[in-house]
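Colleague: Contents of model_37.cif (mmCIF, C-alpha atoms) are below:
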```
data_input
loop_
_atom_site.label_atom_id
_atom_site.label_comp_id
_atom_site.auth_asym_id
_atom_site.auth_seq_id
_atom_site.Cartn_x
_atom_site.Cartn_y
_atom_site.Cartn_z
CA MET W 1 -11.88 -2.15 10.07
CA SER W 2 -8.79 -0.35 8.94
CA ARG W 3 -6.27 -2.08 6.75
CA PRO W 4 -3.03 -2.98 8.54
CA SER W 5 0.11 -1.15 7.55
CA ASN W 6 2.51 -2.85 5.14
CA VAL W 7 5.11 -2.99 7.90
CA THR W 8 2.76 -4.73 10.31
CA THR W 9 1.60 -7.17 7.67
CA ARG W 10 5.07 -7.98 6.44
CA THR W 11 6.40 -8.59 9.91
CA LEU W 12 3.42 -10.52 11.20
CA LEU W 13 5.25 -13.51 12.62
CA TRP W 14 3.33 -16.48 11.39
CA ALA W 15 1.48 -14.64 8.65
CA ALA W 16 4.56 -14.33 6.52
CA MET W 17 5.20 -18.00 6.84
CA ALA W 18 1.75 -18.71 5.50
CA VAL W 19 2.51 -16.57 2.47
CA ALA W 20 5.80 -18.41 1.99
CA LEU W 21 3.83 -21.62 1.70
CA LEU W 22 1.49 -20.01 -0.78
CA VAL W 23 4.48 -19.17 -2.95
CA ALA W 24 5.69 -22.76 -2.77
CA GLY W 25 2.27 -24.07 -3.73
CA CYS W 26 1.82 -21.67 -6.63
CA ASP W 27 5.28 -22.39 -7.98
CA GLY W 28 4.44 -26.08 -8.05
CA ALA W 29 0.97 -25.44 -9.52
CA THR W 30 -0.22 -28.61 -7.83
CA ALA W 31 -2.34 -29.50 -4.83
CA THR W 32 0.58 -31.18 -3.13
CA ALA W 33 2.68 -29.74 -0.36
CA SER W 34 6.21 -30.15 -1.60
CA PRO W 35 7.81 -26.80 -2.30
CA ALA W 36 10.44 -26.81 -4.99
CA SER W 37 12.95 -24.19 -3.96
CA PRO W 38 11.71 -22.13 -1.03
CA ALA W 39 12.09 -18.44 -1.70
CA PRO W 40 14.87 -16.79 0.33
CA THR W 41 13.51 -15.19 3.47
CA THR W 42 14.77 -12.76 6.05
CA VAL W 43 12.85 -13.45 9.22
CA VAL W 44 12.96 -10.82 11.89
CA SER W 45 10.83 -12.20 14.67
CA PRO W 46 10.93 -15.19 17.11
CA SER W 47 13.49 -17.86 16.55
CA ALA W 48 10.30 -19.49 16.24
CA ARG W 49 9.34 -15.94 15.67
CA ILE W 50 5.81 -15.22 15.41
CA SER W 51 6.67 -12.87 12.67
CA ALA W 52 6.62 -12.88 8.96
CA SER W 53 9.13 -13.34 6.27
CA PRO W 54 9.58 -9.81 4.88
CA SER W 55 11.04 -10.82 1.54
CA VAL W 56 8.11 -13.04 0.67
CA ALA W 57 5.30 -11.10 2.25
CA ALA W 58 6.53 -7.86 0.74
CA SER W 59 6.29 -9.20 -2.78
CA GLY W 60 3.09 -11.16 -2.25
CA SER W 61 3.66 -12.80 -5.60
CA PRO W 62 4.67 -16.32 -6.60
CA GLY W 63 8.30 -16.85 -7.44
CA ALA W 64 11.04 -14.30 -7.27
CA SER W 65 9.93 -12.18 -10.19
CA ALA W 66 8.96 -8.53 -9.90
CA SER W 67 5.43 -9.14 -11.15
CA ALA W 68 2.52 -7.44 -9.39
CA ALA W 69 1.02 -9.15 -6.35
CA PRO W 70 -2.17 -11.20 -6.91
CA THR W 71 -5.30 -9.22 -6.15
CA THR W 72 -8.10 -11.80 -6.30
CA THR W 73 -8.96 -14.75 -4.11
CA ASP W 74 -8.95 -17.07 -7.14
CA GLN W 75 -5.39 -16.09 -8.00
CA LEU W 76 -4.26 -16.57 -4.41
CA THR W 77 -5.81 -19.99 -3.93
CA ILE W 78 -4.54 -21.63 -7.12
CA GLY W 79 -2.21 -24.47 -6.16
CA LEU W 80 -2.71 -24.27 -2.40
CA PRO W 81 -2.16 -27.70 -0.82
CA HIS W 82 -5.04 -29.45 0.95
CA ALA W 83 -3.53 -32.47 2.67
CA ASP W 84 -6.13 -32.51 5.46
CA ALA W 85 -9.46 -30.92 4.55
CA THR W 86 -11.04 -32.10 7.81
CA LEU W 87 -8.44 -30.16 9.80
CA GLU W 88 -9.02 -27.09 7.63
CA ASP W 89 -12.73 -27.29 8.46
CA LEU W 90 -11.93 -26.59 12.12
CA LEU W 91 -10.66 -23.12 11.17
CA PRO W 92 -12.86 -20.08 10.52
CA SER W 93 -13.65 -19.08 6.94
CA VAL W 94 -14.36 -15.41 7.69
CA ILE W 95 -12.90 -13.05 10.30
CA GLY W 96 -13.72 -9.36 10.54
CA GLY W 97 -15.88 -9.64 7.43
CA ILE W 98 -12.88 -10.79 5.36
CA ASP W 99 -12.73 -14.21 3.68
CA LEU W 100 -9.81 -16.34 4.77
CA GLN W 101 -7.95 -18.74 2.50
CA LYS W 102 -7.29 -22.21 3.93
CA PHE W 103 -4.62 -24.78 3.14
CA SER W 104 -2.96 -27.73 4.84
CA MET W 105 0.12 -29.94 4.57
CA PRO W 106 2.46 -32.17 6.57
CA LEU W 107 4.02 -30.11 9.35
CA SER W 108 7.45 -31.15 8.05
CA THR W 109 6.69 -29.38 4.76
CA TYR W 110 5.71 -26.23 6.62
CA VAL W 111 8.84 -26.33 8.76
CA ALA W 112 11.06 -26.80 5.67
CA SER W 113 9.39 -24.01 3.67
CA SER W 114 11.56 -21.25 5.17
CA GLN W 115 13.83 -20.50 8.09
CA GLY W 116 12.99 -18.82 11.36
CA GLY W 117 9.75 -18.29 13.19
CA GLU W 118 8.08 -20.66 15.59
CA LYS W 119 9.12 -23.48 13.30
CA ALA W 120 12.17 -24.07 15.49
CA MET W 121 9.81 -25.12 18.29
CA TYR W 122 7.93 -27.87 16.53
CA SER W 123 10.48 -30.68 16.40
CA PRO W 124 11.49 -30.54 20.10
CA TRP W 125 7.82 -30.12 21.05
CA LEU W 126 6.71 -33.18 19.09
CA VAL W 127 9.63 -35.26 20.37
CA LYS W 128 8.16 -34.73 23.83
CA LEU W 129 4.91 -36.13 22.49
CA GLY W 130 6.57 -39.16 20.89
CA THR W 131 6.15 -38.08 17.28
CA THR W 132 7.75 -35.90 14.58
CA PRO W 133 6.72 -33.17 12.10
CA GLU W 134 6.57 -35.85 9.40
CA ASP W 135 3.72 -37.59 11.20
CA VAL W 136 1.31 -34.69 11.75
CA HIS W 137 -0.54 -32.14 9.66
CA ILE W 138 -0.92 -28.38 9.94
CA ALA W 139 -3.83 -26.34 8.55
CA ILE W 140 -3.67 -22.58 8.10
CA ALA W 141 -6.33 -19.93 7.52
CA ALA W 142 -5.21 -16.42 6.62
CA ASP W 143 -6.14 -13.35 4.63
CA LEU W 144 -3.57 -13.68 1.87
CA THR W 145 -4.78 -10.44 0.30
CA GLN W 146 -3.33 -8.70 3.40
CA ARG W 147 -6.41 -6.63 4.14
CA GLU W 148 -6.20 -7.66 7.80
CA ASN W 149 -3.42 -9.02 9.96
CA PHE W 150 -4.81 -12.32 11.15
CA VAL W 151 -3.53 -15.90 10.89
CA VAL W 152 -4.78 -19.02 12.64
CA LYS W 153 -3.19 -22.46 12.52
CA ALA W 154 -4.23 -25.90 13.71
CA ILE W 155 -1.87 -28.82 14.27
CA LYS W 156 -3.38 -32.26 14.86
CA VAL W 157 -1.31 -34.61 17.01
CA PRO W 158 -2.96 -38.06 17.14
CA GLY W 159 -2.92 -39.63 20.57
CA ALA W 160 -2.16 -36.38 22.44
CA ASP W 161 -4.46 -34.55 24.85
CA ALA W 162 -5.13 -30.83 25.14
CA THR W 163 -3.36 -30.28 28.45
CA THR W 164 -0.19 -32.03 27.32
CA LEU W 165 -0.14 -30.20 23.99
CA THR W 166 -0.15 -26.75 25.58
CA SER W 167 2.05 -27.50 28.59
CA SER W 168 4.75 -29.17 26.50
CA PHE W 169 4.77 -26.35 23.94
CA ALA W 170 4.99 -23.77 26.72
CA ASP W 171 7.92 -25.69 28.19
CA VAL W 172 9.79 -25.70 24.87
CA ALA W 173 9.09 -21.99 24.34
CA SER W 174 10.22 -21.09 27.87
CA LYS W 175 13.46 -23.04 27.47
CA ALA W 176 14.08 -21.12 24.25
CA GLY W 177 13.78 -17.86 26.20
CA TRP W 178 10.31 -16.88 25.04
CA PRO W 179 8.07 -15.29 27.71
CA VAL W 180 4.92 -17.33 28.33
CA SER W 181 1.88 -16.03 30.24
CA THR W 182 -1.73 -17.11 30.75
CA LYS W 183 -4.61 -14.93 29.51
CA VAL W 184 -8.04 -15.72 30.91
CA ASN W 185 -10.01 -12.61 29.89
CA LEU W 186 -10.64 -13.88 26.36
CA PRO W 187 -13.27 -16.22 24.84
CA LYS W 188 -10.93 -19.09 25.68
CA PRO W 189 -8.07 -19.26 28.19
CA VAL W 190 -4.87 -19.08 26.14
CA LEU W 191 -1.14 -18.91 26.55
CA GLU W 192 0.42 -15.71 25.20
CA ILE W 193 3.86 -16.52 23.84
CA THR W 194 6.21 -13.70 22.88
CA ASP W 195 9.35 -13.76 20.79
CA PRO W 196 11.87 -11.58 22.64
CA THR W 197 13.92 -10.86 19.54
CA ALA W 198 10.85 -9.45 17.79
CA GLN W 199 10.63 -6.54 20.19
CA GLU W 200 14.29 -5.78 19.66
CA ALA W 201 13.67 -5.74 15.91
CA GLY W 202 10.60 -3.55 16.33
CA VAL W 203 8.17 -6.08 14.85
CA LEU W 204 5.13 -8.01 16.02
CA GLY W 205 5.98 -11.32 17.68
CA VAL W 206 3.08 -12.47 19.85
CA GLY W 207 1.03 -15.64 19.41
CA TYR W 208 -1.94 -17.02 21.37
CA VAL W 209 -2.17 -20.79 21.77
CA TYR W 210 -4.56 -23.31 23.23
CA ALA W 211 -5.64 -26.88 22.48
CA LYS W 212 -8.83 -28.89 22.33
CA ASP W 213 -8.75 -32.68 22.23
CA ASN W 214 -5.74 -33.55 20.05
CA VAL W 215 -5.58 -30.29 18.06
CA PHE W 216 -3.24 -27.41 18.94
CA TYR W 217 -4.32 -23.93 17.80
CA VAL W 218 -2.20 -20.82 17.23
CA VAL W 219 -3.68 -17.37 16.59
CA VAL W 220 -1.45 -14.50 15.52
CA THR W 221 -2.74 -10.94 15.33
CA ASP W 222 -2.19 -7.54 16.94
CA ASP W 223 -5.88 -6.66 16.67
CA LEU W 224 -7.81 -7.44 19.86
CA SER W 225 -11.18 -7.57 18.11
CA LEU W 226 -9.86 -10.06 15.55
CA LEU W 227 -8.28 -12.13 18.32
CA ILE W 228 -11.61 -12.30 20.17
CA GLN W 229 -13.50 -13.21 17.00
CA GLY W 230 -10.92 -15.80 16.05
CA LEU W 231 -10.88 -17.54 19.43
CA ALA W 232 -14.68 -17.49 19.62
CA SER W 233 -14.91 -19.16 16.20
CA LEU W 234 -12.59 -22.04 17.08
CA PRO W 235 -13.74 -25.34 18.66
#
```
Kindly return the structure encoded in the file as structure tokens.

Modeller:
Amino acid sequence: MSRPSNVTTRTLLWAAMAVALLVAGCDGATATASPASPAPTTVVSPSARISASPSVAASGSPGASASAAPTTTDQLTIGLPHADATLEDLLPSVIGGIDLQKFSMPLSTYVASSQGGEKAMYSPWLVKLGTTPEDVHIAIAADLTQRENFVVKAIKVPGADATTLTSSFADVASKAGWPVSTKVNLPKPVLEITDPTAQEAGVLGVGYVYAKDNVFYVVVTDDLSLLIQGLASLP
């Protein structure tokens, strides 16, 4: 599989957000999920953009220094938070022959880590479900070495059911002006949600979502083969 271009990787909607969290974790050098001072970001995809944070993803290194980006898995995983290991276990460990790094934290920590992206959707979505980002966890699996453009996330919402999770998120996205469509020709039927501002900016801004039981899954990639593998590997 060919390596994605730097532009694609840097603008990968939710991928950049994952890297932003990595930076926060490494800066703290702890296994907790409270970022000190989130690195400044310039998001160019969905208001909840499914795109990445160019300033962070471009550097790929902890902090704001000009040091070289980490090149080994050990370097990348130091300090990653693991607030919900059970939720992480629902995500694939390998996609396209590449090892993924996993981490988890309260959704509120993820939302506060940087501005932009699909993060704007989570509070109004959870309000519909009678809860808040402070009360649920998110787990993320991604190739933080940027050899492939694939990110998958799982959000566990206790007490919710799969149908309500997807329909309520689709409603929030639609009201925000994001096109929502159903895709049934994949390993699982999913909703394809597109950030309209991403296309204007010339960056990737498409996410694929579905839910099982009380867990909501989001897959972000522009590679069909990785999308199929990722969906097939999820519960």

Colleague: Report, in Å with one decimal, the straight-line distance from CA of Val180 (chain W) to CA of Lys153 (chain W).

Modeller: 18.5 Å

Colleague: Within 9 Å of region 210-219 of chain W, counting all atoms listed in the file, which residues show up once you throw out same-chain ones fewer than 3 positions away? Write them as an MDAnalysis selection string, please.

Modeller: chainID W and resid 14 87 150:166 188:191 206:207 227 230:231 234:235

Colleague: Distance CA of Tyr110 (chain W)-CA of Val136 (chain W), one decimal place?

Modeller: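 Separation of CA of Tyr110 (chain W) and CA of Val136 (chain W): 10.8 Å.
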
Colleague: Assuming the chain letters and numbering stay as they are in my file, what does the PyMOL selection byres ((chain W and resi 89-93) around 7) actually select? List them as a ChimeraX atom specification.

Modeller: /W:85-88,94-95,99-100,141,233-235

Colleague: Filtering to C-alpha atoms, could you give me those residues as a PDB file, keeping the file's coordinate frame?

Modeller:
```pdb
ATOM      1  CA  ALA W  85      -9.460 -30.920   4.550  1.00  0.00           C
ATOM      2  CA  THR W  86     -11.040 -32.100   7.810  1.00  0.00           C
ATOM      3  CA  LEU W  87      -8.440 -30.160   9.800  1.00  0.00           C
ATOM      4  CA  GLU W  88      -9.020 -27.090   7.630  1.00  0.00           C
ATOM      5  CA  VAL W  94     -14.360 -15.410   7.690  1.00  0.00           C
ATOM      6  CA  ILE W  95     -12.900 -13.050  10.300  1.00  0.00           C
ATOM      7  CA  ASP W  99     -12.730 -14.210   3.680  1.00  0.00           C
ATOM      8  CA  LEU W 100      -9.810 -16.340   4.770  1.00  0.00           C
ATOM      9  CA  ALA W 141      -6.330 -19.930   7.520  1.00  0.00           C
ATOM     10  CA  SER W 233     -14.910 -19.160  16.200  1.00  0.00           C
ATOM     11  CA  LEU W 234     -12.590 -22.040  17.080  1.00  0.00           C
ATOM     12  CA  PRO W 235     -13.740 -25.340  18.660  1.00  0.00           C
TER      13      PRO W 235
END
```

Colleague: Which is closer to Asn185 (chain W) than all the others in W:Ile228, W:Gly205, W:Pro133, W:Ala139, using only C-alpha atoms?

Modeller: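 The shortest atom-to-atom distance to Asn185 (chain W) comes from W:Ile228.
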
Colleague: Check which residues satisfy the PyMOL selection byres ((chain W and resi 181) around 10) in the file shown, then give them as a list in words.

Modeller: Ala170, Trp178, Pro179, Val180, Thr182, Lys183, Val184, Val190, Leu191, Glu192, Ile193, Thr194 and Tyr208 of chain W

Colleague: For C-alpha atoms, I'd like the residues from the last selection saved as a PDB file, in the frame of the given file.

Modeller:
```pdb
ATOM      1  CA  ALA W 170       4.990 -23.770  26.720  1.00  0.00           C
ATOM      2  CA  TRP W 178      10.310 -16.880  25.040  1.00  0.00           C
ATOM      3  CA  PRO W 179       8.070 -15.290  27.710  1.00  0.00           C
ATOM      4  CA  VAL W 180       4.920 -17.330  28.330  1.00  0.00           C
ATOM      5  CA  THR W 182      -1.730 -17.110  30.750  1.00  0.00           C
ATOM      6  CA  LYS W 183      -4.610 -14.930  29.510  1.00  0.00           C
ATOM      7  CA  VAL W 184      -8.040 -15.720  30.910  1.00  0.00           C
ATOM      8  CA  VAL W 190      -4.870 -19.080  26.140  1.00  0.00           C
ATOM      9  CA  LEU W 191      -1.140 -18.910  26.550  1.00  0.00           C
ATOM     10  CA  GLU W 192       0.420 -15.710  25.200  1.00  0.00           C
ATOM     11  CA  ILE W 193       3.860 -16.520  23.840  1.00  0.00           C
ATOM     12  CA  THR W 194       6.210 -13.700  22.880  1.00  0.00           C
ATOM     13  CA  TYR W 208      -1.940 -17.020  21.370  1.00  0.00           C
TER      14      TYR W 208
END
```

Colleague: Rounded to one decimal place, report the CA of Val209 (chain W)-CA of Asp171 (chain W) distance in Å.

Modeller: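 For CA of Val209 (chain W) relative to CA of Asp171 (chain W), the distance reads 12.9 Å.
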
Colleague: For the file shown, what are the residues hit by the PyMOL selection byres ((chain W and resi 111) around 10), laid out as a PyMOL selection string?

Modeller: chain W and resi 17+21+106-110+112-123+133-134

Colleague: Report the centre and edge lengths, in Å to one decimal, of an axis-aligned box enclosing every atom of region 141-154 of chain W listed in the file, padded by 4 Å on each side, as JSON.

Modeller:
```
{"center_x": -4.8, "center_y": -16.3, "center_z": 7.0, "size_x": 11.2, "size_y": 27.3, "size_z": 21.4}
```

Colleague: Let me make sure I understand: among W:Ala201, W:Leu224, W:Val127, W:Asp195, which one has the smallest atom-to-atom distance to Phe169 (chain W) if we use all atoms listed in the file?

Modeller: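 Using all atoms listed in the file, Phe169 (chain W) sits closest to W:Val127.
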
Colleague: With all atoms listed in the file as the atoms that count, which of W:Lys128, W:Ser167, W:His137, W:Gly97 lies nearest to Pro81 (chain W)?

Modeller: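 Comparing W:Lys128, W:Ser167, W:His137, W:Gly97 against Pro81 (chain W), the winner is W:His137.
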
Colleague: Which is closer to Leu144 (chain W) than all the others in W:Pro124, W:Gly79, W:Asp222, W:Lys102, using all atoms listed in the file?

Modeller: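 For Leu144 (chain W), the nearest of the candidates is W:Lys102.
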